[in-house]
Amino acid sequence: MTGTRVLLADDHPDVRSGFRLVLDSQPDITVVGEATDGTTALALARRLRPDVVLTDIRMPDIDGLELTRLLTHEGLRVVVVTTFDLDEYVDAALRNGACGFLLKRSGPALLVEGVRAAMAGDALISPQVTVRLLRAVAEADRPSEPNPLTHRETDIVRLVAQGLTNAQIGAELFISAGTAKTHVANIQAKLGFNNRVGIAAWAWRAGLADP
């Protein structure tokens with residue numbers, strides 16, 4: 001089976017049906033499994049090893065935030081898709097390694113974009129919640145340690161916090177997308193994050209992402 005393989009975890013069958021319809025209509029994306037609760041999702045993810053897991057937050061048994069933590073520790077990409085744009089949820093999702101945080105009302109185009117961003121090593125947060133939620137993370141937990149990054153890396157972090165992709169960062173800084181990707185990987189290693197959503201959250205906490 002070619003293309004991006006996706007596992008859906010949501011306890012509402014109509015939501016799963018809608019997501020499957022949207023994703024399966026894409027030539028490069030295939031839904032390979034569905035789970036109605038966190039325990040089933042964990043077992044299916046371990047058996048099927050999908051490229052991306054889309055999970056709701058509020059589910060029976062293991063909730064989506066704990067599922068995210070477990071799966072990202074096993075090297076899987078997880079995008080949280082939820083109705084609830086609460087500050088504490090996005091904070092927990094970012095800390096648990098999610099590579100995207102989408103609201104269900106954001107629409108089908110953003111759902112597809114979120115899956116493709118995860119596969120590309122980028123990350124996507126619904127525009128409706130990005131600034132407010134990351135500011136909440138910043139206010140809740142501002143690190144006291146000095147900035148360990150170079151000037152160039154700091155510039156890149158500012159752009160990551162604005163939601164720019166590697167290609168967009170490259171265009172902004174007059175470097176190639178590949179060079180930008182290398183910088184982002186180095187920044188992740190320095191800061192100890194699995195993905196660029198963690199970098200964005202760190203930038204807001206460190207006061208580097210204020211408009």
# chains A, B, ... in the order shown; residues from 1 in each chain; ligands from 1
call {"tool": "residues_around", "arguments": {"residues": "Glu153 (chain A)", "least_positions_apart": "4", "cutoff": "9 Å", "atoms": "only C-alpha atoms", "output": "list in words"}}
result
Leu149, Val157, Arg158, His183, Val184, Asn186 and Ile187 of chain A
call {"tool": "residues_around", "arguments": {"residues": "Gly114 (chain A)", "least_positions_apart": "2", "cutoff": "7 Å", "atoms": "only C-alpha atoms", "output": "PyMOL selection string"}}
result
chain A and resi 100+110-112+116-118+123-124
call {"tool": "residues_around", "arguments": {"residues": "Arg47 (chain A)", "least_positions_apart": "6", "cutoff": "12 Å", "atoms": "only C-alpha atoms", "output": "PyMOL selection string"}}
result
chain A and resi 7+32-33+40-41+71
call {"tool": "closest_residue", "arguments": {"among": "A:Trp202, A:Phe174, A:Phe193, A:Phe84", "to": "Thr154 (chain A)", "atoms": "only C-alpha atoms"}}
result
A:Trp202
call {"tool": "select_by_dssp", "arguments": {"residues": "chain A", "states": "alpha helix (DSSP H)", "output": "ChimeraX atom specification"}}
result
/A:13-24,38-48,64-73,87-95,108-119,130-140,151-161,166-173,177-191,196-205
call {"tool": "residues_around", "arguments": {"residues": "Ala203 (chain A)", "least_positions_apart": "4", "cutoff": "8 Å", "atoms": "only C-alpha atoms", "output": "list in words"}}
result
Val157, Arg158, Ala161, Ile199, Gly207, Leu208 and Ala209 of chain A
call {"tool": "closest_residue", "arguments": {"among": "A:Arg95, A:Ile29, A:Leu21, A:Asn147", "to": "Ala206 (chain A)", "atoms": "only C-alpha atoms"}}
result
A:Asn147
